[in-house]
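Trainee: Just so it is clear, I am handing over structure23.txt, which has compact mmCIF, C-alpha atoms.
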# COMPACT_ATOMS: atom_id res chain seq x y z
CA MET A 1014 26.85 3.81 -12.88
CA ASP A 1015 24.07 5.83 -14.34
CA THR A 1016 25.05 8.06 -17.25
CA ARG A 1017 22.15 10.50 -17.13
CA SER A 1018 22.74 14.03 -15.81
CA ASN A 1019 21.30 14.99 -12.45
CA ILE A 1020 18.57 17.12 -14.00
CA GLN A 1021 17.61 14.29 -16.33
CA ILE A 1022 17.37 11.90 -13.37
CA LEU A 1023 15.15 14.39 -11.57
CA ARG A 1024 12.87 14.82 -14.58
CA ASP A 1025 12.55 11.08 -15.25
CA GLY A 1026 11.50 10.56 -11.65
CA ILE A 1027 8.67 13.05 -11.99
CA PHE A 1028 7.40 12.16 -15.46
CA ALA A 1029 8.72 9.06 -17.25
CA ASP A 1030 8.89 6.87 -14.11
CA ASN A 1031 6.02 8.44 -12.16
CA THR A 1032 5.29 6.00 -9.35
CA ILE A 1033 1.52 6.20 -9.46
CA PHE A 1034 0.52 6.96 -13.03
CA LYS A 1035 3.25 5.12 -14.96
CA LEU A 1036 4.47 2.29 -12.78
CA ALA A 1037 1.21 1.80 -10.83
CA ILE A 1038 2.96 0.77 -7.61
CA SER A 1039 2.64 2.08 -4.04
CA LEU A 1040 -1.01 2.76 -4.66
CA CYS A 1041 -2.40 2.25 -1.17
CA PRO A 1042 -1.87 5.80 0.14
CA ALA A 1043 -2.72 7.31 -3.25
CA ILE A 1044 -6.31 6.36 -2.58
CA ALA A 1045 -6.43 6.16 1.19
CA VAL A 1046 -5.25 9.64 2.19
CA THR A 1047 -6.31 11.68 -0.84
CA SER A 1048 -9.78 12.75 0.26
CA SER A 1049 -8.33 16.18 1.09
CA LEU A 1050 -5.47 18.15 -0.49
CA LYS A 1051 -3.74 18.78 2.83
CA ASN A 1052 -3.49 15.09 3.71
CA GLY A 1053 -2.37 14.16 0.20
CA PHE A 1054 0.32 16.85 0.18
CA MET A 1055 1.61 15.88 3.64
CA MET A 1056 1.76 12.22 2.65
CA GLY A 1057 3.68 13.17 -0.51
CA LEU A 1058 6.15 15.22 1.55
CA ALA A 1059 6.67 12.34 3.98
CA VAL A 1060 7.37 9.90 1.15
CA MET A 1061 9.72 12.36 -0.55
CA PHE A 1062 11.68 12.82 2.69
CA VAL A 1063 11.95 9.07 3.32
CA GLN A 1064 12.90 8.29 -0.27
CA THR A 1065 15.64 10.95 -0.39
CA MET A 1066 17.14 10.06 2.98
CA VAL A 1067 17.06 6.32 2.24
CA ASN A 1068 18.77 6.86 -1.11
CA LEU A 1069 21.43 9.04 0.53
CA THR A 1070 22.08 6.58 3.37
CA ILE A 1071 22.26 3.52 1.11
CA SER A 1072 24.51 5.21 -1.40
CA LEU A 1073 26.93 6.31 1.36
CA MET A 1074 26.95 2.77 2.75
CA ARG A 1075 27.05 0.96 -0.57
CA ASN A 1076 30.69 -0.14 -0.34
CA PHE A 1077 30.22 -1.67 3.10
CA ILE A 1078 27.07 -3.73 2.42
CA HIS A 1079 27.67 -7.37 1.62
CA PRO A 1080 25.53 -8.22 -1.43
CA ARG A 1081 24.05 -11.33 0.17
CA ILE A 1082 22.45 -9.50 3.10
CA ARG A 1083 21.58 -6.31 1.25
CA ILE A 1084 17.76 -6.65 1.37
CA PRO A 1085 17.53 -6.95 5.19
CA ILE A 1086 19.88 -3.97 5.48
CA PHE A 1087 17.77 -1.93 3.05
CA MET A 1088 14.65 -2.79 5.07
CA LEU A 1089 16.39 -1.75 8.29
CA VAL A 1090 17.44 1.60 6.82
CA ILE A 1091 13.97 2.24 5.37
CA SER A 1092 12.15 1.35 8.58
CA SER A 1093 14.50 3.56 10.62
CA TRP A 1094 13.76 6.58 8.42
CA VAL A 1095 10.04 5.80 8.47
CA THR A 1096 10.17 5.71 12.26
CA VAL A 1097 11.87 9.12 12.24
CA THR A 1098 9.16 10.51 9.95
CA ASP A 1099 6.41 8.91 12.02
CA LEU A 1100 7.67 10.43 15.28
CA LEU A 1101 8.27 13.85 13.67
CA MET A 1102 4.78 14.01 12.18
CA HIS A 1103 3.24 12.79 15.41
CA ALA A 1104 4.97 15.67 17.21
CA TYR A 1105 4.45 18.55 14.78
CA VAL A 1106 1.38 17.93 12.60
CA ARG A 1107 -0.96 16.23 15.03
CA ASP A 1108 -4.22 16.87 13.19
CA VAL A 1109 -2.93 15.32 9.96
CA TYR A 1110 -1.30 12.47 11.86
CA ALA A 1111 -4.54 11.60 13.63
CA GLU A 1112 -6.20 10.93 10.28
CA MET A 1113 -3.46 8.98 8.55
CA GLY A 1114 -1.01 7.69 11.16
CA LEU A 1115 -1.34 4.09 10.01
CA TYR A 1116 -0.47 4.99 6.43
CA ILE A 1117 2.66 6.89 7.49
CA LYS A 1118 3.87 3.74 9.22
CA LEU A 1119 3.12 1.70 6.12
CA ILE A 1120 5.47 3.78 3.95
CA VAL A 1121 7.92 1.11 5.04
CA ALA A 1122 6.26 -1.40 2.69
CA PHE A 1123 6.53 0.84 -0.38
CA ALA A 1124 7.76 -1.04 -3.41
CA SER A 1125 9.21 2.08 -5.04
CA ILE A 1126 11.52 2.96 -2.12
CA LEU A 1127 12.99 -0.54 -1.85
CA ALA A 1128 13.26 -0.78 -5.64
CA HIS A 1129 15.24 2.45 -5.90
CA ALA A 1130 17.51 1.54 -3.01
CA GLU A 1131 18.26 -1.69 -4.86
CA THR A 1132 18.49 -0.54 -8.46
CA PHE A 1133 19.83 2.99 -8.08
CA ALA A 1134 21.26 4.02 -4.72
CA SER A 1135 23.32 0.87 -4.17
CA LYS A 1136 25.11 1.41 -7.49
CA ASN A 1137 25.56 5.20 -7.66
CA LYS A 1138 27.33 8.03 -5.86
CA ALA A 1139 25.59 10.13 -3.22
CA VAL A 1140 24.69 13.22 -5.32
CA PRO A 1141 22.86 11.41 -8.17
CA SER A 1142 21.13 9.23 -5.56
CA VAL A 1143 19.80 12.29 -3.79
CA PHE A 1144 18.52 13.66 -7.11
CA ASP A 1145 16.88 10.31 -7.84
CA GLY A 1146 15.22 10.35 -4.44
CA ILE A 1147 13.96 13.91 -4.85
CA GLY A 1148 12.73 13.15 -8.37
CA MET A 1149 10.81 10.00 -7.42
CA GLY A 1150 9.46 11.73 -4.31
CA ALA A 1151 8.38 14.79 -6.30
CA GLY A 1152 6.64 12.57 -8.84
CA PHE A 1153 4.75 10.92 -6.01
CA LEU A 1154 3.96 14.29 -4.43
CA PHE A 1155 2.66 15.59 -7.77
CA ALA A 1156 0.46 12.54 -8.31
CA LEU A 1157 -0.97 12.65 -4.80
CA SER A 1158 -1.62 16.39 -4.97
CA ALA A 1159 -3.38 16.06 -8.34
CA ILE A 1160 -5.61 13.23 -7.13
CA SER A 1161 -6.48 14.89 -3.83
CA PHE A 1162 -7.06 18.29 -5.45
CA PHE A 1163 -9.76 16.86 -7.74
CA ARG A 1164 -11.26 14.68 -5.03
CA GLU A 1165 -11.55 17.52 -2.52
CA LEU A 1166 -12.82 20.02 -5.08
CA LEU A 1167 -15.47 17.72 -6.49
CA GLY A 1168 -16.42 15.98 -3.25
CA LYS A 1169 -16.51 18.84 -0.75
CA GLY A 1170 -16.27 21.96 -2.91
CA THR A 1171 -13.17 23.08 -1.01
CA VAL A 1172 -9.43 23.42 -1.67
CA TRP A 1173 -7.07 22.94 1.33
CA GLY A 1174 -10.07 23.37 3.59
CA TYR A 1175 -11.13 26.73 2.10
CA GLU A 1176 -14.50 26.92 0.44
CA VAL A 1177 -14.28 27.50 -3.31
CA LEU A 1178 -17.58 26.24 -4.65
CA ALA A 1179 -20.77 26.96 -2.77
CA PHE A 1180 -22.08 23.44 -3.45
CA LYS A 1181 -20.85 19.84 -3.49
CA PRO A 1182 -20.84 18.65 -7.10
CA MET A 1183 -20.02 14.95 -6.65
CA LEU A 1184 -20.23 13.56 -3.13
CA ILE A 1185 -19.03 10.18 -4.37
CA MET A 1186 -15.51 11.54 -4.83
CA ILE A 1187 -14.75 11.63 -1.10
CA LEU A 1188 -16.30 8.22 -0.48
CA PRO A 1189 -13.96 5.22 -0.72
CA ALA A 1190 -15.34 4.37 -4.16
CA GLY A 1191 -14.38 7.82 -5.46
CA GLY A 1192 -10.70 7.19 -4.77
CA PHE A 1193 -10.54 4.29 -7.18
CA LEU A 1194 -12.60 6.25 -9.71
CA ALA A 1195 -10.35 9.34 -9.50
CA VAL A 1196 -7.14 7.34 -9.95
CA GLY A 1197 -8.62 5.33 -12.82
CA VAL A 1198 -9.87 8.40 -14.68
CA LEU A 1199 -6.62 10.36 -14.14
CA MET A 1200 -4.56 7.38 -15.34
CA ALA A 1201 -6.72 7.13 -18.44
CA PHE A 1202 -6.32 10.89 -18.97
CA PHE A 1203 -2.52 10.65 -18.89
CA ASN A 1204 -2.67 7.64 -21.23
CA TRP A 1205 -4.89 9.66 -23.57
CA ILE A 1206 -2.39 12.57 -23.61
CA GLU A 1207 0.40 10.15 -24.41
CA ILE A 1208 -1.53 8.42 -27.20
CA ARG A 1209 -2.91 11.64 -28.66
CA PHE A 1210 0.19 13.89 -28.56
CA PHE A 1211 3.24 11.68 -28.18
CA GLY A 1212 2.35 8.71 -30.38
CA GLY A 1213 2.17 6.16 -27.58
CA LYS A 1214 0.28 2.89 -27.94
CA PRO A 1215 -2.69 1.82 -25.78
CA ALA A 1216 -1.61 -0.69 -23.13
CA GLY A 1217 -2.62 -4.30 -23.60
CA HIS A 1218 -4.53 -6.16 -20.91
CA MET B 932 -21.83 -16.84 24.33
CA GLU B 933 -21.04 -13.20 24.97
CA THR B 934 -17.41 -13.69 23.88
CA PHE B 935 -18.51 -15.63 20.81
CA ASN B 936 -20.81 -12.79 19.77
CA HIS B 937 -18.02 -10.31 20.28
CA LEU B 938 -15.53 -12.33 18.23
CA PHE B 939 -18.08 -12.94 15.49
CA SER B 940 -18.82 -9.22 15.17
CA LEU B 941 -15.06 -8.55 15.08
CA PHE B 942 -14.73 -11.08 12.26
CA ILE B 943 -17.59 -9.58 10.25
CA SER B 944 -16.31 -6.06 10.80
CA ALA B 945 -12.78 -6.99 9.69
CA SER B 946 -13.88 -8.91 6.62
CA LEU B 947 -16.85 -6.92 5.29
CA ILE B 948 -17.34 -3.52 6.93
CA ASN B 949 -13.70 -2.50 7.18
CA ASN B 950 -12.63 -4.56 4.20
CA PHE B 951 -8.92 -4.02 3.72
CA VAL B 952 -9.11 -3.42 0.00
CA PHE B 953 -12.31 -1.43 -0.38
CA THR B 954 -12.45 0.74 2.72
CA LEU B 955 -8.89 0.86 4.06
CA PHE B 956 -7.12 0.66 0.67
CA LEU B 957 -4.32 -1.63 1.74
CA GLY B 958 -2.62 -4.29 -0.35
CA LEU B 959 -3.63 -2.63 -3.60
CA CYS B 960 -0.44 -3.57 -5.46
CA ILE B 961 -1.18 -7.26 -4.92
CA PHE B 962 -4.90 -6.73 -5.41
CA PHE B 963 -4.35 -5.33 -8.90
CA GLY B 964 -1.32 -7.48 -9.63
CA VAL B 965 -2.71 -10.98 -9.10
CA SER B 966 -6.39 -10.52 -9.84
CA LYS B 967 -6.12 -11.29 -13.55
CA LYS B 968 -6.74 -15.04 -13.21
CA MET B 969 -9.07 -16.94 -10.89
CA GLU B 970 -6.49 -19.65 -10.13
CA THR B 971 -3.80 -17.25 -8.87
CA ALA B 972 -6.41 -15.28 -6.93
CA VAL B 973 -7.52 -18.37 -5.01
CA GLY B 974 -3.93 -19.46 -4.29
CA MET B 975 -3.07 -15.99 -3.11
CA SER B 976 -6.08 -15.73 -0.79
CA ILE B 977 -5.27 -19.05 0.91
CA THR B 978 -1.61 -18.15 1.45
CA PHE B 979 -2.51 -14.67 2.60
CA THR B 980 -5.06 -15.77 5.19
CA ALA B 981 -2.71 -18.37 6.66
CA VAL B 982 0.22 -15.96 6.88
CA MET B 983 -1.97 -13.22 8.32
CA VAL B 984 -3.36 -15.33 11.20
CA ILE B 985 0.03 -16.77 12.16
CA SER B 986 1.92 -13.50 11.90
CA ALA B 987 -0.80 -11.76 13.94
CA ALA B 988 -0.29 -14.37 16.66
CA ILE B 989 3.53 -14.16 16.62
CA SER B 990 3.65 -10.39 16.64
CA TRP B 991 1.07 -10.24 19.45
CA VAL B 992 3.39 -12.38 21.59
CA VAL B 993 6.40 -10.22 20.71
CA TRP B 994 4.45 -7.01 21.37
CA THR B 995 2.97 -8.07 24.73
CA TYR B 996 5.88 -9.96 26.25
CA VAL B 997 8.92 -8.20 24.78
CA MET B 998 8.16 -4.73 23.50
CA VAL B 999 5.73 -3.42 26.13
CA PRO B 1000 7.74 -4.59 29.20
CA LEU B 1001 10.96 -3.17 27.73
CA LYS B 1002 9.23 0.08 26.62
CA LEU B 1003 10.24 -0.46 23.00
CA GLU B 1004 6.89 0.64 21.53
CA PHE B 1005 8.52 3.31 19.41
CA LEU B 1006 10.44 0.62 17.51
CA GLN B 1007 7.25 -1.15 16.44
CA ILE B 1008 7.74 -0.57 12.71
CA ILE B 1009 11.26 -2.01 12.64
CA ILE B 1010 10.46 -4.95 14.89
CA PHE B 1011 7.17 -5.92 13.23
CA ILE B 1012 8.66 -5.87 9.76
CA GLY B 1013 11.57 -7.98 11.02
CA VAL B 1014 9.25 -10.49 12.69
CA VAL B 1015 6.95 -10.80 9.69
CA ALA B 1016 9.76 -11.04 7.13
CA ALA B 1017 11.57 -13.65 9.24
CA PHE B 1018 8.36 -15.67 9.62
CA VAL B 1019 7.61 -15.60 5.89
CA GLN B 1020 11.17 -16.62 5.08
CA ALA B 1021 10.97 -19.47 7.60
CA ALA B 1022 7.61 -20.63 6.22
CA ASP B 1023 9.13 -20.61 2.74
CA THR B 1024 12.07 -22.79 3.78
CA ILE B 1025 10.00 -25.20 5.87
CA MET B 1026 7.36 -25.64 3.19
CA ARG B 1027 9.98 -26.36 0.56
CA LYS B 1028 11.42 -29.12 2.75
CA VAL B 1029 8.25 -30.63 4.21
CA SER B 1030 5.76 -30.38 1.38
CA PRO B 1031 7.29 -29.65 -2.05
CA ASP B 1032 3.86 -30.15 -3.62
CA LEU B 1033 2.28 -27.34 -1.65
CA TYR B 1034 5.39 -25.23 -2.16
CA TYR B 1035 5.10 -25.65 -5.90
CA LYS B 1036 1.52 -24.32 -5.76
CA LEU B 1037 1.80 -21.52 -3.17
CA GLY B 1038 5.53 -20.74 -2.90
CA VAL B 1039 5.40 -17.97 -5.48
CA TYR B 1040 2.85 -16.05 -3.43
CA LEU B 1041 4.90 -16.37 -0.26
CA ALA B 1042 7.76 -14.50 -1.89
CA LEU B 1043 5.37 -11.71 -2.87
CA ILE B 1044 3.95 -11.08 0.60
CA ALA B 1045 7.18 -10.80 2.59
CA THR B 1046 6.98 -7.02 2.78
CA ASN B 1047 3.37 -6.32 2.02
CA CYS B 1048 1.44 -3.52 3.62
CA ILE B 1049 -1.54 -5.63 4.75
CA ILE B 1050 0.64 -8.17 6.48
CA LEU B 1051 2.31 -5.31 8.33
CA ALA B 1052 -0.94 -3.45 8.99
CA VAL B 1053 -2.51 -6.32 10.94
CA PRO B 1054 0.08 -6.30 13.79
CA LEU B 1055 0.09 -2.49 13.82
CA ILE B 1056 -3.70 -2.29 14.15
CA ASN B 1057 -3.71 -5.11 16.75
CA ALA B 1058 -1.16 -3.22 18.82
CA GLY B 1059 -2.96 0.10 18.40
CA GLU B 1060 -6.36 -1.29 19.39
CA GLY B 1061 -4.95 -3.34 22.28
CA TYR B 1062 -6.60 -6.61 21.19
CA THR B 1063 -6.17 -9.80 23.22
CA PHE B 1064 -4.46 -12.87 21.75
CA ILE B 1065 -7.69 -14.48 20.51
CA GLU B 1066 -9.04 -11.17 19.21
CA SER B 1067 -5.81 -10.58 17.28
CA MET B 1068 -6.09 -13.95 15.59
CA VAL B 1069 -9.77 -13.46 14.76
CA PHE B 1070 -8.97 -10.02 13.36
CA GLY B 1071 -6.20 -11.54 11.22
CA LEU B 1072 -8.54 -14.27 10.00
CA GLY B 1073 -11.31 -11.80 9.18
CA SER B 1074 -8.93 -9.53 7.31
CA GLY B 1075 -7.53 -12.46 5.35
CA VAL B 1076 -10.98 -13.72 4.40
CA GLY B 1077 -12.06 -10.19 3.42
CA PHE B 1078 -9.00 -9.76 1.24
CA GLY B 1079 -9.59 -13.18 -0.35
CA LEU B 1080 -13.22 -12.28 -1.05
CA ALA B 1081 -12.19 -9.01 -2.72
CA LEU B 1082 -9.54 -10.78 -4.79
CA ILE B 1083 -11.90 -13.50 -5.99
CA ILE B 1084 -14.69 -11.05 -6.89
CA MET B 1085 -12.20 -8.91 -8.83
CA ALA B 1086 -10.64 -11.90 -10.61
CA SER B 1087 -13.98 -13.22 -11.80
CA ILE B 1088 -14.92 -9.80 -13.16
CA ARG B 1089 -11.58 -9.25 -14.86
CA GLU B 1090 -11.76 -12.64 -16.61
CA LYS B 1091 -14.97 -11.45 -18.27
CA LEU B 1092 -13.53 -7.98 -18.89
CA GLU B 1093 -10.85 -9.49 -21.13
CA LEU B 1094 -13.51 -9.99 -23.79
CA ALA B 1095 -15.09 -6.55 -23.52
CA GLN B 1096 -14.46 -3.61 -25.82
CA VAL B 1097 -12.69 -0.96 -23.73
CA PRO B 1098 -11.82 2.54 -25.03
CA GLY B 1099 -8.08 2.88 -25.82
CA PRO B 1100 -6.84 5.04 -22.93
CA PHE B 1101 -8.81 2.96 -20.40
CA LYS B 1102 -7.20 -0.36 -21.41
CA GLY B 1103 -5.46 -2.27 -18.64
CA MET B 1104 -5.02 -0.58 -15.26
CA PRO B 1105 -7.50 2.35 -15.52
CA MET B 1106 -10.37 -0.04 -16.30
CA ALA B 1107 -9.40 -2.21 -13.32
CA PHE B 1108 -9.58 0.89 -11.11
CA VAL B 1109 -13.02 1.89 -12.36
CA THR B 1110 -14.22 -1.68 -11.77
CA ALA B 1111 -12.80 -1.62 -8.24
CA SER B 1112 -14.59 1.66 -7.65
CA LEU B 1113 -17.95 0.08 -8.51
CA ILE B 1114 -17.29 -2.88 -6.20
CA ALA B 1115 -16.25 -0.46 -3.45
CA LEU B 1116 -19.57 1.34 -3.87
CA ALA B 1117 -21.33 -1.97 -3.27
CA PHE B 1118 -19.20 -2.59 -0.17
CA THR B 1119 -20.31 0.79 1.24
CA GLY B 1120 -23.65 -0.94 1.76
CA PHE B 1121 -22.14 -3.10 4.51
CA SER B 1122 -21.33 -0.05 6.63
CA GLY B 1123 -24.49 -0.26 8.72
CA LEU B 1124 -24.37 -4.02 9.25
CA ILE B 1125 -23.35 -3.96 12.92
CA SER B 1126 -24.67 -0.94 14.81
CA ALA B 1127 -23.70 -1.53 18.45
CA HIS B 1128 -19.98 -1.95 18.72
Would you write the structure of this file as structure tokens?
Mentor:
Amino acid sequence: MDTRSNIQILRDGIFADNTIFKLAISLCPAIAVTSSLKNGFMMGLAVMFVQTMVNLTISLMRNFIHPRIRIPIFMLVISSWVTVTDLLMHAYVRDVYAEMGLYIKLIVAFASILAHAETFASKNKAVPSVFDGIGMGAGFLFALSAISFFRELLGKGTVWGYEVLAFKPMLIMILPAGGFLAVGVLMAFFNWIEIRFFGGKPAGH
Amino acid sequence: METFNHLFSLFISASLINNFVFTLFLGLCIFFGVSKKMETAVGMSITFTAVMVISAAISWVVWTYVMVPLKLEFLQIIIFIGVVAAFVQAADTIMRKVSPDLYYKLGVYLALIATNCIILAVPLINAGEGYTFIESMVFGLGSGVGFGLALIIMASIREKLELAQVPGPFKGMPMAFVTASLIALAFTGFSGLISAH
């Protein structure tokens, strides 16, 4: 059982255990779909939905799952919810889906979703598990929105498709190379904040 | 000759132009995770390429002869992940029994790729593009070689990077990302390699 309060669980998911910036896992979509804010936000929403529903399902089923076959069962639950998300997005947000359909399907291979089904949802009651799912999902949504906001603004001069700047400051940001650069610089920025204001230590190699 | 040309251009396009790491951004967890040492990078690339070709072949057979006739296309995520995970598990067990030597060298990597996004992406792309059996295998091979190439380039750079003076906040992961960004910029140069598709 986890002893933290629900709000604490939610907050840790967004900040202390942020999937992208702190744990550096599930990075593929963080770079692949973040060339515009709309795509990044939609991807974040999809992941948040899958993570919450998976946590809820696993935690409701936790007393019926035999420990030896738990991983295949987790995978089955995750891929079912990803299929649901995939079909829903295909039906209702066609323009977004056309650009990133493959990456929606690949949510199924996310390390963070399987890890939280294993370490949190299979050991805790339904309500904290839902909070954990929302927290981790919101952390992911926040990271993706931040990355895609900067990439779209600097690369195209637009925000959510609306023109903000009359020129394109750094075209490289919407090229593939810019994705790696944006994530690297943002990660370094968050490290810098932690070292400068919270007394953290620089990471070793 | 015509088919050979077609397959060769598919191979080049999968390995260089649409490189999984630098233009499609798949398999990044493994890419950043195992690219610290040359030895692990080479072991990983070999295992990856082998698994990719064989799982592309198996899932093509399942897709064409089971899922399409039974109209189960909407279950492709669940079925492909089951097929790939079962194959990797089987390979693990067989290798441990048949060749403990090889298992000792490459077994660790097998465990890592069971549910990896590249391994899953290959059958999904094959099914989406409607490739034939041979094309699927060539696509799997090209993707594996491309991933191996990326991994080996990155590992050789990161071995040198260990000795460099890096500013505090950039130590570790952020520096690896900036390095990857520069390599990706170089890979953009391949984009015009094959014009007629």
Trainee: Please return as number ranges by chain every residue within 9 Å of (2.3, -10.5, 0.3), taking into account all atoms listed in the file and the file's own coordinates.
Mentor: B: 958, 961, 975, 978-979, 982, 1040-1050
Trainee: For chain A, which of B:Phe1121, B:Phe1078, B:Phe953, B:Phe962 is the closest residue, counting all atoms listed in the file?
Mentor: B:Phe953
Trainee: Could you please determine the separation between atom CA of B:Gly1077 and atom CA of B:Ala945 in Å, to one decimal place?
Mentor: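 Result for atom CA of B:Gly1077 versus atom CA of B:Ala945: 7.1 Å, one decimal.
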Trainee: Got a sec to pull out which chain B residues are within 7 Å of chain A, counting only C-alpha atoms, and send them as a PDB file with C-alpha atoms, in the frame of the given file?
Mentor:
ATOM      1  CA  PHE B 953     -12.310  -1.430  -0.380  1.00  0.00           C
ATOM      2  CA  THR B 954     -12.450   0.740   2.720  1.00  0.00           C
ATOM      3  CA  LEU B 955      -8.890   0.860   4.060  1.00  0.00           C
ATOM      4  CA  PHE B 956      -7.120   0.660   0.670  1.00  0.00           C
ATOM      5  CA  LEU B 957      -4.320  -1.630   1.740  1.00  0.00           C
ATOM      6  CA  GLY B 958      -2.620  -4.290  -0.350  1.00  0.00           C
ATOM      7  CA  LEU B 959      -3.630  -2.630  -3.600  1.00  0.00           C
ATOM      8  CA  CYS B 960      -0.440  -3.570  -5.460  1.00  0.00           C
ATOM      9  CA  ILE B1008       7.740  -0.570  12.710  1.00  0.00           C
ATOM     10  CA  ILE B1009      11.260  -2.010  12.640  1.00  0.00           C
ATOM     11  CA  THR B1046       6.980  -7.020   2.780  1.00  0.00           C
ATOM     12  CA  ASN B1047       3.370  -6.320   2.020  1.00  0.00           C
ATOM     13  CA  CYS B1048       1.440  -3.520   3.620  1.00  0.00           C
ATOM     14  CA  GLY B1099      -8.080   2.880 -25.820  1.00  0.00           C
ATOM     15  CA  PRO B1100      -6.840   5.040 -22.930  1.00  0.00           C
ATOM     16  CA  PHE B1101      -8.810   2.960 -20.400  1.00  0.00           C
ATOM     17  CA  LYS B1102      -7.200  -0.360 -21.410  1.00  0.00           C
ATOM     18  CA  GLY B1103      -5.460  -2.270 -18.640  1.00  0.00           C
ATOM     19  CA  PRO B1105      -7.500   2.350 -15.520  1.00  0.00           C
ATOM     20  CA  MET B1106     -10.370  -0.040 -16.300  1.00  0.00           C
ATOM     21  CA  PHE B1108      -9.580   0.890 -11.110  1.00  0.00           C
ATOM     22  CA  VAL B1109     -13.020   1.890 -12.360  1.00  0.00           C
ATOM     23  CA  ALA B1111     -12.800  -1.620  -8.240  1.00  0.00           C
ATOM     24  CA  SER B1112     -14.590   1.660  -7.650  1.00  0.00           C
ATOM     25  CA  LEU B1113     -17.950   0.080  -8.510  1.00  0.00           C
ATOM     26  CA  ALA B1115     -16.250  -0.460  -3.450  1.00  0.00           C
ATOM     27  CA  LEU B1116     -19.570   1.340  -3.870  1.00  0.00           C
TER      28      LEU B1116
END
Trainee: I'd like the neighbourhood of A:Val1060 as a PyMOL selection string, where a residue qualifies if any of its atoms comes within 10 Å (using all atoms listed in the file), though same-chain residues fewer than 3 positions away should be ignored.
Mentor: chain A and resi 1054-1057+1063-1066+1095+1098+1117+1120-1121+1123+1126+1146-1147+1149-1151+1153-1154
Trainee: Return the single residue from B:Ile977, B:Ile1010, B:Val1069, B:Ala1021 that is closest to B:Phe935, with distances computed using only C-alpha atoms.
Mentor: B:Val1069
Trainee: I'd like the neighbourhood of stretch 1167-1171 of chain A as a ChimeraX atom specification, where a residue qualifies if any of its atoms comes within 7 Å (using only C-alpha atoms), though same-chain residues fewer than 3 positions away should be ignored.
Mentor: /A:1163-1164,1174-1187
Trainee: Quick one, how far is atom CA of A:Lys1051 from atom CA of A:His1103?
Mentor: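 Atom CA of A:Lys1051 sits 15.6 Å away from atom CA of A:His1103.
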Trainee: Could you check how far atom CA of A:Glu1165 sits from atom CA of B:Ser1122, in Å to one decimal?
Mentor: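 Straight-line distance from atom CA of A:Glu1165 to atom CA of B:Ser1122 works out to 22.1 Å.
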Trainee: So, counting only C-alpha atoms, which residue among B:Ile1012, B:Val1076, B:Val1097, B:Leu1124 is closest to B:Ser946?
Mentor: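 Distance minimum relative to B:Ser946 lands on B:Val1076.
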Trainee: Using all atoms listed in the file for the distances, tell me which of B:Pro1054, B:Pro1031, B:Thr1119, B:Ala1022 is nearest to B:Ala981.
Mentor: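 Of the candidates, the smallest distance to B:Ala981 is held by B:Ala1022.
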Trainee: Mind checking which residues fall within 8 Å of A:Phe1144, counting only C-alpha atoms, ignoring those fewer than 3 positions away in the same chain, and posting them as a ChimeraX atom specification?
Mentor: /A:1019-1020,1022-1023,1065,1140-1141,1147-1148
Trainee: Since the input is missing atoms, can you rebuild N, CA and C atoms for stretch 1031-1041 of chain B and write them as a compact mmCIF listing (two decimals), in the coordinates of the input?
Mentor:
# COMPACT_ATOMS: atom_id res chain seq x y z
N PRO B 1031 6.92 -30.28 -0.77
CA PRO B 1031 7.29 -29.65 -2.05
C PRO B 1031 6.09 -29.41 -2.95
N ASP B 1032 5.06 -30.29 -2.81
CA ASP B 1032 3.86 -30.15 -3.62
C ASP B 1032 3.17 -28.82 -3.36
N LEU B 1033 2.94 -28.56 -2.06
CA LEU B 1033 2.28 -27.34 -1.65
C LEU B 1033 3.16 -26.14 -2.01
N TYR B 1034 4.47 -26.32 -1.85
CA TYR B 1034 5.39 -25.23 -2.16
C TYR B 1034 5.31 -24.86 -3.63
N TYR B 1035 5.18 -25.90 -4.48
CA TYR B 1035 5.10 -25.65 -5.90
C TYR B 1035 3.87 -24.81 -6.23
N LYS B 1036 2.77 -25.06 -5.48
CA LYS B 1036 1.52 -24.32 -5.76
C LYS B 1036 1.52 -22.92 -5.15
N LEU B 1037 1.98 -22.78 -3.89
CA LEU B 1037 1.80 -21.52 -3.17
C LEU B 1037 3.09 -20.75 -2.90
N GLY B 1038 4.24 -21.36 -3.23
CA GLY B 1038 5.53 -20.74 -2.90
C GLY B 1038 5.71 -19.37 -3.53
N VAL B 1039 5.24 -19.24 -4.77
CA VAL B 1039 5.40 -17.97 -5.48
C VAL B 1039 4.77 -16.82 -4.70
N TYR B 1040 3.58 -17.11 -4.11
CA TYR B 1040 2.85 -16.05 -3.43
C TYR B 1040 3.55 -15.66 -2.15
N LEU B 1041 4.19 -16.67 -1.50
CA LEU B 1041 4.90 -16.37 -0.26
C LEU B 1041 5.96 -15.31 -0.50
